[in-house]
>>> print(open('query-v1.txt').read())   # compact mmCIF, C-alpha atoms and all ligand atoms
# COMPACT_ATOMS: atom_id res chain seq x y z
CA MET A 1 -26.74 -20.00 -14.61
CA GLU A 2 -25.53 -22.04 -11.60
CA PRO A 3 -25.28 -19.90 -8.46
CA VAL A 4 -21.85 -19.35 -6.96
CA LYS A 5 -21.88 -20.93 -3.52
CA VAL A 6 -20.52 -18.87 -0.68
CA GLY A 7 -19.67 -20.00 2.85
CA LEU A 8 -19.75 -17.48 5.66
CA LEU A 9 -17.50 -17.56 8.69
CA GLY A 10 -19.35 -15.38 11.17
CA LEU A 11 -22.97 -14.29 11.24
CA GLY A 12 -22.72 -11.21 13.46
CA THR A 13 -22.98 -7.57 12.39
CA VAL A 14 -21.08 -7.89 9.11
CA GLY A 15 -22.13 -11.48 8.34
CA GLY A 16 -25.78 -10.67 8.99
CA GLY A 17 -25.51 -7.50 6.92
CA THR A 18 -23.97 -9.47 4.05
CA VAL A 19 -26.83 -11.99 4.03
CA ASN A 20 -29.33 -9.13 4.06
CA VAL A 21 -27.72 -7.25 1.17
CA LEU A 22 -27.36 -10.43 -0.91
CA GLN A 23 -31.04 -11.22 -0.34
CA ARG A 24 -32.35 -7.69 -0.79
CA ASN A 25 -30.39 -6.91 -3.93
CA GLY A 26 -30.11 -10.44 -5.32
CA ASP A 27 -31.43 -9.59 -8.79
CA GLU A 28 -29.22 -6.53 -9.26
CA ILE A 29 -26.20 -8.43 -7.98
CA CYS A 30 -26.91 -11.32 -10.37
CA ARG A 31 -27.17 -8.90 -13.30
CA ARG A 32 -23.78 -7.50 -12.38
CA ALA A 33 -21.98 -10.73 -11.53
CA GLY A 34 -23.47 -12.74 -14.40
CA ARG A 35 -24.83 -15.40 -12.03
CA PRO A 36 -26.55 -15.60 -8.66
CA ILE A 37 -24.42 -15.47 -5.50
CA ARG A 38 -25.85 -17.70 -2.77
CA VAL A 39 -24.79 -18.26 0.82
CA THR A 40 -25.23 -21.99 1.40
CA ARG A 41 -23.46 -22.49 4.73
CA ALA A 42 -22.59 -20.23 7.63
CA ALA A 43 -20.55 -20.89 10.74
CA THR A 44 -21.60 -19.13 13.89
CA ARG A 45 -20.55 -19.51 17.51
CA THR A 46 -24.12 -19.67 18.80
CA LEU A 47 -26.62 -21.53 16.66
CA ASP A 48 -29.85 -20.39 18.25
CA LYS A 49 -29.84 -16.68 18.76
CA GLN A 50 -31.68 -13.69 17.40
CA ARG A 51 -30.03 -12.36 14.25
CA ILE A 52 -30.32 -9.32 12.05
CA CYS A 53 -30.83 -11.54 8.98
CA GLU A 54 -33.09 -14.32 7.73
CA THR A 55 -31.23 -17.65 7.61
CA ALA A 56 -33.76 -19.84 5.78
CA GLY A 57 -31.90 -21.84 3.12
CA ILE A 58 -28.53 -21.44 4.86
CA GLU A 59 -27.11 -24.45 6.67
CA LEU A 60 -25.88 -23.20 10.04
CA THR A 61 -23.02 -24.86 11.85
CA ASP A 62 -20.89 -24.08 14.86
CA ASP A 63 -17.91 -25.76 13.17
CA PRO A 64 -16.11 -23.29 10.85
CA TRP A 65 -13.95 -26.07 9.38
CA LYS A 66 -17.09 -27.54 7.80
CA VAL A 67 -17.38 -24.33 5.80
CA VAL A 68 -13.78 -24.12 4.62
CA ASP A 69 -13.75 -27.85 3.77
CA ASP A 70 -17.11 -27.87 1.97
CA PRO A 71 -16.27 -28.93 -1.61
CA GLU A 72 -19.33 -27.12 -3.00
CA ILE A 73 -18.25 -23.72 -1.72
CA ARG A 74 -16.22 -21.58 -4.13
CA ILE A 75 -15.84 -18.45 -1.99
CA VAL A 76 -15.26 -18.32 1.76
CA CYS A 77 -16.21 -15.08 3.41
CA GLU A 78 -14.21 -14.59 6.62
CA LEU A 79 -16.09 -12.28 8.96
CA ILE A 80 -15.11 -13.55 12.39
CA GLY A 81 -12.21 -11.16 13.01
CA GLY A 82 -9.14 -11.86 15.12
CA THR A 83 -5.85 -13.12 13.80
CA GLU A 84 -5.17 -16.66 14.95
CA ILE A 85 -8.18 -18.84 14.10
CA ALA A 86 -9.01 -16.53 11.18
CA ARG A 87 -5.50 -17.05 9.76
CA GLU A 88 -5.77 -20.84 10.02
CA LEU A 89 -9.22 -20.90 8.45
CA VAL A 90 -8.24 -18.60 5.61
CA LEU A 91 -5.05 -20.54 4.85
CA ARG A 92 -7.05 -23.78 4.87
CA ALA A 93 -9.67 -22.31 2.54
CA ILE A 94 -6.89 -21.17 0.20
CA GLY A 95 -5.25 -24.59 0.44
CA ASN A 96 -8.59 -26.07 -0.59
CA GLY A 97 -8.53 -23.87 -3.71
CA LYS A 98 -11.22 -21.46 -2.54
CA HIS A 99 -11.29 -17.73 -3.04
CA VAL A 100 -11.58 -15.65 0.10
CA VAL A 101 -13.35 -12.40 0.89
CA THR A 102 -12.50 -10.88 4.24
CA ALA A 103 -13.33 -7.79 6.26
CA ASN A 104 -10.50 -8.58 8.65
CA LYS A 105 -8.00 -5.70 8.69
CA ALA A 106 -5.95 -7.20 11.52
CA LEU A 107 -5.53 -10.43 9.58
CA ILE A 108 -4.44 -8.62 6.41
CA ALA A 109 -2.20 -6.11 8.21
CA ILE A 110 -0.40 -8.76 10.28
CA HIS A 111 -0.53 -11.94 8.15
CA GLY A 112 -1.34 -10.49 4.72
CA ASN A 113 2.10 -11.12 3.20
CA GLU A 114 1.81 -14.83 4.06
CA VAL A 115 -1.86 -15.05 3.05
CA PHE A 116 -1.30 -13.40 -0.34
CA GLU A 117 1.69 -15.58 -1.10
CA ALA A 118 -0.37 -18.70 -0.35
CA ALA A 119 -3.21 -17.35 -2.51
CA GLN A 120 -0.86 -16.62 -5.37
CA GLN A 121 0.56 -20.13 -5.26
CA GLN A 122 -2.96 -21.59 -5.38
CA GLY A 123 -4.13 -19.18 -8.09
CA VAL A 124 -6.94 -17.84 -5.91
CA THR A 125 -7.94 -14.34 -4.87
CA VAL A 126 -8.17 -12.86 -1.38
CA ALA A 127 -10.36 -9.75 -1.55
CA PHE A 128 -10.43 -7.27 1.34
CA GLU A 129 -12.31 -4.13 0.35
CA ALA A 130 -14.31 -4.22 3.61
CA ALA A 131 -11.14 -4.21 5.70
CA VAL A 132 -10.56 -0.47 5.26
CA ALA A 133 -13.00 2.40 5.73
CA GLY A 134 -16.18 0.29 5.81
CA GLY A 135 -18.36 1.06 2.82
CA ILE A 136 -15.95 3.37 0.97
CA PRO A 137 -14.47 1.53 -2.03
CA ILE A 138 -11.03 2.87 -1.15
CA ILE A 139 -9.06 -0.27 -2.01
CA LYS A 140 -10.49 -0.32 -5.51
CA ALA A 141 -9.99 3.42 -5.91
CA ILE A 142 -6.31 3.34 -4.98
CA ARG A 143 -5.45 -0.03 -6.50
CA GLU A 144 -7.25 0.48 -9.79
CA GLY A 145 -8.58 4.01 -10.14
CA LEU A 146 -5.24 5.65 -9.35
CA ALA A 147 -3.06 3.04 -11.08
CA GLY A 148 -1.55 5.66 -13.38
CA ASN A 149 -0.30 7.84 -10.55
CA ARG A 150 2.67 8.09 -8.24
CA ILE A 151 0.99 8.47 -4.87
CA GLU A 152 2.67 11.07 -2.66
CA TRP A 153 0.68 10.79 0.56
CA LEU A 154 -2.65 9.83 2.00
CA ALA A 155 -4.36 10.86 5.20
CA GLY A 156 -7.56 9.33 6.49
CA ILE A 157 -10.12 9.25 9.23
CA ILE A 158 -10.26 5.47 9.23
CA ASN A 159 -11.83 4.52 12.53
CA GLY A 160 -15.54 5.25 12.70
CA THR A 161 -15.87 4.56 16.41
CA GLY A 162 -13.12 7.00 17.30
CA ASN A 163 -14.54 9.68 15.02
CA PHE A 164 -18.01 9.12 16.48
CA ILE A 165 -16.66 9.53 20.02
CA LEU A 166 -14.70 12.69 19.16
CA THR A 167 -17.69 14.22 17.39
CA GLU A 168 -20.13 13.52 20.22
CA MET A 169 -17.66 14.87 22.80
CA ARG A 170 -17.13 18.05 20.79
CA ASP A 171 -20.72 18.75 19.72
CA LYS A 172 -22.70 17.50 22.70
CA GLY A 173 -20.15 17.46 25.50
CA ARG A 174 -20.90 13.76 26.08
CA GLY A 175 -18.56 11.59 28.15
CA PHE A 176 -16.12 9.17 26.56
CA GLY A 177 -17.49 5.96 28.16
CA GLU A 178 -21.11 6.76 27.36
CA VAL A 179 -20.40 7.37 23.66
CA LEU A 180 -18.22 4.27 23.42
CA ALA A 181 -21.07 2.15 24.84
CA GLU A 182 -23.38 3.55 22.16
CA ALA A 183 -20.82 2.78 19.43
CA GLN A 184 -20.70 -0.80 20.72
CA GLU A 185 -24.49 -1.08 20.65
CA LEU A 186 -24.56 0.21 17.08
CA GLY A 187 -22.05 -2.47 16.03
CA TYR A 188 -19.32 0.06 15.14
CA ALA A 189 -16.73 -0.94 17.74
CA GLU A 190 -14.24 -3.79 17.54
CA ALA A 191 -14.75 -6.92 19.66
CA ASP A 192 -12.00 -5.40 21.80
CA PRO A 193 -12.91 -1.69 21.74
CA ALA A 194 -9.42 -0.84 23.02
CA PHE A 195 -8.36 -1.24 19.37
CA ASP A 196 -10.65 1.65 18.39
CA ILE A 197 -9.40 3.85 21.19
CA ASP A 198 -5.66 3.22 21.17
CA GLY A 199 -5.16 3.54 17.41
CA THR A 200 -4.56 -0.16 16.69
CA ASP A 201 -7.55 -0.49 14.35
CA ALA A 202 -6.52 2.61 12.42
CA ALA A 203 -2.94 1.29 12.27
CA HIS A 204 -4.18 -1.99 10.75
CA LYS A 205 -6.00 -0.04 8.06
CA LEU A 206 -3.14 2.36 7.42
CA THR A 207 -0.78 -0.59 6.96
CA ILE A 208 -3.01 -1.84 4.15
CA LEU A 209 -3.50 1.57 2.53
CA ALA A 210 0.24 2.30 2.55
CA SER A 211 1.03 -1.03 0.92
CA ILE A 212 -1.33 -0.54 -1.98
CA ALA A 213 -0.40 3.14 -2.34
CA PHE A 214 3.38 2.71 -2.43
CA GLY A 215 3.80 -0.93 -3.40
CA ILE A 216 5.54 -1.94 -0.18
CA PRO A 217 5.06 -5.11 1.90
CA LEU A 218 2.58 -4.95 4.77
CA GLN A 219 4.47 -3.75 7.86
CA PHE A 220 2.03 -3.26 10.71
CA ASP A 221 4.74 -3.31 13.38
CA ARG A 222 6.39 -0.23 11.82
CA VAL A 223 3.32 2.01 12.22
CA TYR A 224 3.64 4.65 14.94
CA ARG A 225 0.40 4.83 16.88
CA GLU A 226 -1.36 7.04 19.37
CA GLY A 227 -5.07 6.85 20.13
CA ILE A 228 -7.81 9.28 21.05
CA ASP A 229 -7.70 8.56 24.77
CA ARG A 230 -5.55 11.54 25.67
CA ILE A 231 -7.55 14.15 23.76
CA THR A 232 -9.19 16.54 26.20
CA ILE A 233 -12.20 18.75 25.58
CA GLU A 234 -9.96 21.77 26.42
CA ASP A 235 -7.64 20.97 23.53
CA VAL A 236 -10.63 20.51 21.21
CA ARG A 237 -11.91 23.98 22.21
CA TYR A 238 -8.50 25.70 22.03
CA ALA A 239 -7.87 24.18 18.60
CA GLU A 240 -11.24 25.50 17.43
CA GLN A 241 -10.40 29.02 18.63
CA LEU A 242 -7.33 28.86 16.40
CA GLY A 243 -9.30 27.64 13.37
CA TYR A 244 -8.46 23.93 13.65
CA ARG A 245 -10.25 20.64 14.31
CA ILE A 246 -8.69 17.66 16.05
CA LYS A 247 -9.16 14.45 14.09
CA HIS A 248 -7.61 11.05 14.57
CA LEU A 249 -5.73 10.51 11.30
CA GLY A 250 -3.78 7.73 9.69
CA ILE A 251 -1.03 9.28 7.58
CA ALA A 252 1.25 7.58 5.07
CA ARG A 253 3.71 9.82 3.27
CA ARG A 254 6.51 9.29 0.82
CA ALA A 255 9.24 11.52 2.32
CA GLU A 256 12.75 12.01 0.96
CA GLN A 257 14.40 9.52 3.32
CA GLY A 258 11.62 6.95 3.43
CA ILE A 259 7.98 6.28 4.20
CA GLU A 260 6.12 7.80 7.14
CA LEU A 261 3.51 5.51 8.71
CA ARG A 262 1.69 7.06 11.63
CA VAL A 263 -1.70 7.27 13.32
CA HIS A 264 -2.35 9.94 15.91
CA PRO A 265 -4.65 12.82 16.81
CA THR A 266 -3.96 15.67 14.40
CA LEU A 267 -4.95 19.32 14.17
CA ILE A 268 -6.18 20.17 10.68
CA PRO A 269 -7.50 23.49 9.39
CA GLU A 270 -11.27 23.55 9.85
CA ARG A 271 -11.78 24.72 6.25
CA ARG A 272 -10.52 21.39 4.89
CA LEU A 273 -13.36 19.10 3.82
CA ILE A 274 -11.88 16.24 5.82
CA ALA A 275 -12.00 18.35 8.99
CA ASN A 276 -15.79 18.29 8.67
CA VAL A 277 -16.15 14.52 8.49
CA ASP A 278 -18.14 13.69 11.60
CA GLY A 279 -19.73 10.78 13.42
CA VAL A 280 -19.08 7.28 12.14
CA MET A 281 -18.17 8.62 8.70
CA ASN A 282 -14.67 7.98 7.36
CA ALA A 283 -12.74 9.85 4.70
CA VAL A 284 -9.44 9.27 2.95
CA LEU A 285 -7.62 12.08 1.20
CA VAL A 286 -5.08 10.89 -1.37
CA ARG A 287 -2.51 13.11 -3.02
CA ALA A 288 -1.20 11.69 -6.27
CA ASP A 289 0.99 13.30 -8.92
CA ALA A 290 -1.27 13.14 -11.98
CA VAL A 291 -4.75 13.60 -10.53
CA GLY A 292 -3.79 15.82 -7.57
CA PRO A 293 -5.90 15.48 -4.43
CA THR A 294 -8.91 13.16 -4.33
CA LEU A 295 -11.17 12.61 -1.34
CA TYR A 296 -13.21 9.50 -0.59
CA TYR A 297 -16.00 9.76 1.95
CA GLY A 298 -18.56 7.39 3.42
CA PRO A 299 -19.68 5.31 6.40
CA GLY A 300 -16.72 3.60 8.03
CA ALA A 301 -18.56 0.96 10.04
CA GLY A 302 -21.94 -0.69 10.53
CA ALA A 303 -23.72 -3.73 9.13
CA ASP A 304 -24.99 -2.58 5.72
CA PRO A 305 -22.08 -0.27 4.76
CA THR A 306 -19.52 -2.98 5.52
CA ALA A 307 -21.70 -5.56 3.77
CA SER A 308 -21.74 -3.27 0.73
CA ALA A 309 -17.96 -3.70 0.47
CA VAL A 310 -18.09 -7.45 1.16
CA VAL A 311 -20.69 -7.99 -1.55
CA ALA A 312 -18.75 -5.87 -4.04
CA ASP A 313 -15.81 -8.22 -3.46
CA LEU A 314 -18.07 -11.24 -3.92
CA VAL A 315 -19.17 -9.81 -7.27
CA ASP A 316 -15.56 -9.10 -8.29
CA VAL A 317 -14.41 -12.59 -7.37
CA THR A 318 -17.39 -14.16 -9.14
CA ARG A 319 -16.60 -12.25 -12.33
CA ALA A 320 -12.97 -13.36 -12.13
CA LEU A 321 -13.70 -17.05 -11.46
CA THR A 322 -12.90 -18.02 -15.00
CA SER A 323 -10.03 -15.59 -15.54
CA ASP A 324 -6.37 -16.48 -15.70
CA PRO A 325 -4.85 -15.85 -12.21
CA GLU A 326 -1.84 -14.12 -13.77
CA ASN A 327 -4.09 -11.44 -15.21
CA ARG A 328 -6.04 -10.53 -12.09
CA VAL A 329 -5.51 -7.29 -10.20
CA PRO A 330 -2.57 -7.97 -7.84
CA HIS A 331 -3.52 -8.15 -4.15
CA LEU A 332 -1.29 -5.22 -3.19
CA ALA A 333 -1.80 -3.25 -6.42
CA PHE A 334 1.75 -3.88 -7.63
CA GLN A 335 2.97 -7.18 -9.06
CA PRO A 336 4.13 -9.41 -6.17
CA GLY A 337 7.73 -9.46 -7.45
CA ALA A 338 7.76 -5.67 -7.80
CA LEU A 339 7.16 -4.64 -4.20
CA ALA A 340 9.73 -2.07 -3.07
CA ASP A 341 11.82 -2.39 0.07
CA LEU A 342 11.56 1.30 1.03
CA PRO A 343 12.76 2.28 4.51
CA ILE A 344 10.06 3.18 7.05
CA LEU A 345 10.97 6.27 9.07
CA GLU A 346 11.13 6.20 12.85
CA MET A 347 8.95 8.87 14.47
CA PRO A 348 11.88 11.12 15.55
CA GLU A 349 12.79 11.42 11.84
CA VAL A 350 9.31 12.58 10.81
CA GLU A 351 8.74 16.26 10.08
CA THR A 352 5.45 17.89 11.06
CA ALA A 353 4.03 21.01 12.69
CA TYR A 354 2.82 21.06 16.31
CA TYR A 355 0.18 22.29 18.72
CA LEU A 356 1.68 22.55 22.21
CA ARG A 357 -0.18 23.32 25.41
CA MET A 358 1.62 24.07 28.62
CA SER A 359 0.73 25.42 32.01
CA ALA A 360 2.93 28.48 32.62
CA GLU A 361 3.43 30.71 35.59
CA ASP A 362 1.57 33.98 35.00
CA ARG A 363 4.45 36.48 35.35
CA PRO A 364 6.67 38.59 33.08
CA GLY A 365 9.48 36.81 31.25
CA VAL A 366 8.02 33.30 31.18
CA LEU A 367 7.02 33.42 27.53
CA ALA A 368 10.49 34.73 26.68
CA GLU A 369 12.06 31.68 28.38
CA VAL A 370 9.97 29.34 26.25
CA THR A 371 10.44 31.21 22.98
CA ARG A 372 14.21 31.30 23.63
CA ILE A 373 14.23 27.50 23.67
CA PHE A 374 12.39 27.43 20.35
CA GLY A 375 14.77 30.03 18.93
CA ASP A 376 17.87 28.13 20.09
CA LEU A 377 16.58 24.97 18.41
CA GLY A 378 15.55 26.75 15.20
CA ILE A 379 11.84 26.07 15.73
CA SER A 380 9.65 28.68 14.13
CA ILE A 381 6.41 29.73 15.89
CA GLU A 382 3.21 30.26 13.92
CA ALA A 383 0.93 31.44 16.75
CA ILE A 384 0.88 31.95 20.53
CA ARG A 385 -2.25 32.24 22.61
CA GLN A 386 -2.71 32.65 26.33
CA GLN A 387 -5.95 31.18 27.70
CA GLU A 388 -7.96 32.07 30.77
CA PRO A 389 -6.57 30.33 33.85
CA ALA A 390 -8.29 27.00 34.46
CA GLY A 391 -8.81 27.22 38.21
CA GLU A 392 -5.27 27.37 39.55
CA GLU A 393 -4.71 31.14 39.30
CA ARG A 394 -0.89 31.17 39.39
CA TYR A 395 -0.69 29.20 36.15
CA VAL A 396 -2.30 29.83 32.79
CA PRO A 397 -2.60 27.59 29.76
CA ILE A 398 -0.41 28.80 26.88
CA ILE A 399 -0.85 27.39 23.39
CA PHE A 400 1.89 27.45 20.75
CA LEU A 401 1.47 26.47 17.12
CA THR A 402 4.79 25.82 15.42
CA HIS A 403 5.92 25.44 11.84
CA ARG A 404 7.22 22.10 10.60
CA VAL A 405 10.18 20.65 12.44
CA VAL A 406 11.75 17.23 12.77
CA GLU A 407 10.21 15.40 15.75
CA ALA A 408 13.57 14.70 17.40
CA ARG A 409 14.14 18.44 17.67
CA MET A 410 10.66 19.01 19.08
CA ASN A 411 11.31 16.26 21.66
CA GLU A 412 14.42 18.17 22.74
CA ALA A 413 12.45 21.44 22.99
CA ILE A 414 9.68 19.84 25.03
CA GLY A 415 12.22 18.31 27.40
CA ARG A 416 13.83 21.72 27.97
CA ILE A 417 10.46 23.46 28.42
CA GLU A 418 9.27 20.88 30.96
CA ALA A 419 12.48 21.45 32.93
CA LEU A 420 11.73 25.19 33.33
CA PRO A 421 10.67 26.04 36.93
CA SER A 422 8.01 28.36 35.50
CA ILE A 423 6.26 25.50 33.69
CA SER A 424 4.03 23.15 35.64
CA GLY A 425 3.57 19.51 34.61
CA ARG A 426 3.90 18.01 31.14
CA VAL A 427 3.57 19.74 27.79
CA THR A 428 0.67 18.42 25.70
CA ARG A 429 1.75 17.87 22.11
CA ILE A 430 -0.62 17.28 19.19
CA ARG A 431 0.78 17.05 15.69
CA MET A 432 -0.62 19.40 13.07
CA GLU A 433 -0.97 19.00 9.30
CA THR A 434 -2.22 21.45 6.70
CA LEU A 435 -3.01 18.64 4.20
CA SER A 436 -2.46 21.07 1.37
N1 LIG B 1 -14.33 -0.63 14.64
C1 LIG B 1 -14.16 -0.22 13.30
C2 LIG B 1 -14.44 1.28 13.22
C3 LIG B 1 -15.10 -0.98 12.42
O1 LIG B 1 -15.04 1.82 14.13
O2 LIG B 1 -14.03 1.91 12.26
C4 LIG B 1 -14.81 -0.82 10.96
O3 LIG B 1 -13.56 -1.28 10.60
>>> encode(input="query-v1.txt", output="structure tokens")
Amino acid sequence: MEPVKVGLLGLGTVGGGTVNVLQRNGDEICRRAGRPIRVTRAATRTLDKQRICETAGIELTDDPWKVVDDPEIRIVCELIGGTEIARELVLRAIGNGKHVVTANKALIAIHGNEVFEAAQQQGVTVAFEAAVAGGIPIIKAIREGLAGNRIEWLAGIINGTGNFILTEMRDKGRGFGEVLAEAQELGYAEADPAFDIDGTDAAHKLTILASIAFGIPLQFDRVYREGIDRITIEDVRYAEQLGYRIKHLGIARRAEQGIELRVHPTLIPERRLIANVDGVMNAVLVRADAVGPTLYYGPGAGADPTASAVVADLVDVTRALTSDPENRVPHLAFQPGALADLPILEMPEVETAYYLRMSAEDRPGVLAEVTRIFGDLGISIEAIRQQEPAGEERYVPIIFLTHRVVEARMNEAIGRIEALPSISGRVTRIRMETLS
């Protein structure tokens, strides 16, 4: 049968990996898709450079418009990242009646509503399995595998670079900058690695997961985000002493008053499977009413794992080429006209438990002052632990674990604690989830 012709935008880590997987597993892929899938053209910024893949038989160009306007190409694979040029190229490809496969989480999180509407009008598909959690088929699992469920919440380690950095810091005591440089060399990090560190990349992915889990429009700007940059090795150690691990999680929860969308460092009990997901691995825990909890685990970044997801999408799109657009799996899992306008909660409205670390004067009565503030505000304490003084003898680190409380009330408590003369500096706050 005639091969399906694919045009690649980008021939870097993911593009090169995609070419490799298509070449290496061509026969298997053809048996699954029903016809060969062949990359015929690829756009790349630099034409003559060393690559991770063989490009014989692929026409290389430095003009991406030649790919999206090539009448022979049925599927455009957007692997350049970024949101501006990528958006224009994808919309042009759709306008030209081509299907699109993309690994671009920023594009989907920020412009997805527009892109999907354009695709729907043209009767083409935009597939984005590789945009979330690298090689884990999490989009397919939630969108199709859990289609019978009402999803209650999901929580995921969805940035491989960040998890790699946290793991290396914890296990080997390595410095932040050194591990980040290694993640960049390994092709895990974003073009702008600040996105991995400050929680933006995880927020892009959470936006997508929440949409397909709850059937809501993509709302990246409503995601609360904190990164891993303020996690200290002391907090990692103190958390461990209390039986917890600190992980950077993306959490989407259906609460009574609305939807929680947040990414931030989180203490989780070390006995949870997800607490033991280390290195570049990602994991997404989904709680749904019929099936209960399910956990999806795998490599969250890297050339071949991401290519695995891209190629799976290419196979899916190829199989659907002759199908009626009305009967394809909807982009956001729910029919486009059936998306719900659920309110997204502001962070002060969110309820969670807390780890608090403060530097307190080492004298009688100080703990009582702090616990009185908690008592007055109705905040229940789960554990208190005094640590060895870290140098400055007059002050000692005190750790509190609290039960669940609305964040606005915790903000009030922290403000009052920081105003106590017996407390030095700011209170460190890390949110805590049992994920049970
Ligand atoms: N920079 C991303 C990560 C790549 O580290 O998870 C995969 O999306």
>>> closest_residue(input="query-v1.txt", among="A:Thr434, A:Thr200, A:Thr371, A:Gln257", to="Pro269 (chain A)", atoms="all atoms listed in the file")
A:Thr434
>>> closest_residue(input="query-v1.txt", among="A:Phe214, A:Trp153, A:Phe128, A:Phe176", to="ligand LIG 1 (chain B)", atoms="all atoms listed in the file")
A:Phe128
>>> atom_distance(input="query-v1.txt", atom1="CA of Ala118 (chain A)", atom2="CA of Val76 (chain A)")
15.0 Å
>>> closest_residue(input="query-v1.txt", among="A:Arg143, A:Lys205, A:Arg237, A:His264", to="ligand LIG 1 (chain B)", atoms="all atoms listed in the file")
A:Lys205
>>> residues_near_ligand(input="query-v1.txt", ligand="ligand LIG 1 (chain B)", cutoff="8 Å", atoms="all atoms listed in the file", output="number ranges by chain")
A: 103, 105, 130-134, 158-163, 183, 187-190, 193, 195-196, 201-202, 280, 282, 300-302, 306
>>> residues_around(input="query-v1.txt", residues="Glu240 (chain A)", least_positions_apart="6", cutoff="10 Å", atoms="all atoms listed in the file", output="PDB file with C-alpha atoms, in the frame of the given file")
ATOM      1  CA  GLU A 234      -9.960  21.770  26.420  1.00  0.00           C
ATOM      2  CA  ILE A 246      -8.690  17.660  16.050  1.00  0.00           C
ATOM      3  CA  LEU A 267      -4.950  19.320  14.170  1.00  0.00           C
ATOM      4  CA  ILE A 268      -6.180  20.170  10.680  1.00  0.00           C
ATOM      5  CA  PRO A 269      -7.500  23.490   9.390  1.00  0.00           C
ATOM      6  CA  GLU A 270     -11.270  23.550   9.850  1.00  0.00           C
TER       7      GLU A 270
END
>>> atom_distance(input="query-v1.txt", atom1="CA of Cys77 (chain A)", atom2="CA of Pro3 (chain A)")
15.7 Å
>>> closest_residue(input="query-v1.txt", among="A:Asp62, A:Asp69, A:Val427, A:Asn113", to="Arg92 (chain A)", atoms="all atoms listed in the file")
A:Asp69
>>> closest_atom_pairs(input="query-v1.txt", of="region 251-315 of chain A", to="region 346-363 of chain A", cutoff="10 Å", atoms="all atoms listed in the file", output="tab-separated table")
residue	atom	partner	partner_atom	distance
A:Arg253	CA	A:Val350	CA	9.8
A:Ala255	CA	A:Val350	CA	8.6
A:Gln257	CA	A:Glu349	CA	8.9
A:Gly258	CA	A:Glu346	CA	9.5
A:Ile259	CA	A:Glu346	CA	9.2
A:Glu260	CA	A:Val350	CA	6.8
A:Leu261	CA	A:Met347	CA	8.6
A:Arg262	CA	A:Met347	CA	8.0
A:Thr266	CA	A:Tyr354	CA	8.9
A:Leu267	CA	A:Tyr355	CA	7.5
>>> atom_distance(input="query-v1.txt", atom1="CA of Gly378 (chain A)", atom2="CA of Gln241 (chain A)")
26.3 Å
>>> residues_around(input="query-v1.txt", residues="Leu420 (chain A)", least_positions_apart="2", cutoff="10 Å", atoms="all atoms listed in the file", output="PDB file with C-alpha atoms, in the coordinates of the input")
ATOM      1  CA  ALA A 360       2.930  28.480  32.620  1.00  0.00           C
ATOM      2  CA  VAL A 366       8.020  33.300  31.180  1.00  0.00           C
ATOM      3  CA  GLU A 369      12.060  31.680  28.380  1.00  0.00           C
ATOM      4  CA  VAL A 370       9.970  29.340  26.250  1.00  0.00           C
ATOM      5  CA  GLY A 415      12.220  18.310  27.400  1.00  0.00           C
ATOM      6  CA  ARG A 416      13.830  21.720  27.970  1.00  0.00           C
ATOM      7  CA  ILE A 417      10.460  23.460  28.420  1.00  0.00           C
ATOM      8  CA  GLU A 418       9.270  20.880  30.960  1.00  0.00           C
ATOM      9  CA  SER A 422       8.010  28.360  35.500  1.00  0.00           C
ATOM     10  CA  ILE A 423       6.260  25.500  33.690  1.00  0.00           C
ATOM     11  CA  SER A 424       4.030  23.150  35.640  1.00  0.00           C
TER      12      SER A 424
END
>>> closest_residue(input="query-v1.txt", among="A:Glu226, A:Glu2, A:Glu144, A:Glu129", to="Val329 (chain A)", atoms="all atoms listed in the file")
A:Glu144
>>> closest_residue(input="query-v1.txt", among="A:Gly177, A:Thr428, A:Leu146, A:Glu72", to="Pro293 (chain A)", atoms="only C-alpha atoms")
A:Leu146
>>> residues_around(input="query-v1.txt", residues="Gly292 (chain A)", least_positions_apart="2", cutoff="10 Å", atoms="only C-alpha atoms", output="ChimeraX atom specification")
/A:149,151-152,286-290,294
>>> residues_around(input="query-v1.txt", residues="Arg38 (chain A)", least_positions_apart="3", cutoff="10 Å", atoms="only C-alpha atoms", output="MDAnalysis selection string")
chainID A and resid 2:7 19 22:23 26 30 35 41 57:58 73
>>> residues_near_point(input="query-v1.txt", point="(-5.8, -16.2, 8.8)", cutoff="9 Å", atoms="all atoms listed in the file", output="list of chain:residue names")
A:Glu78, A:Gly82, A:Thr83, A:Glu84, A:Ile85, A:Ala86, A:Arg87, A:Glu88, A:Leu89, A:Val90, A:Leu91, A:Arg92, A:Asn104, A:Leu107, A:Ile108, A:His111, A:Gly112, A:Val115
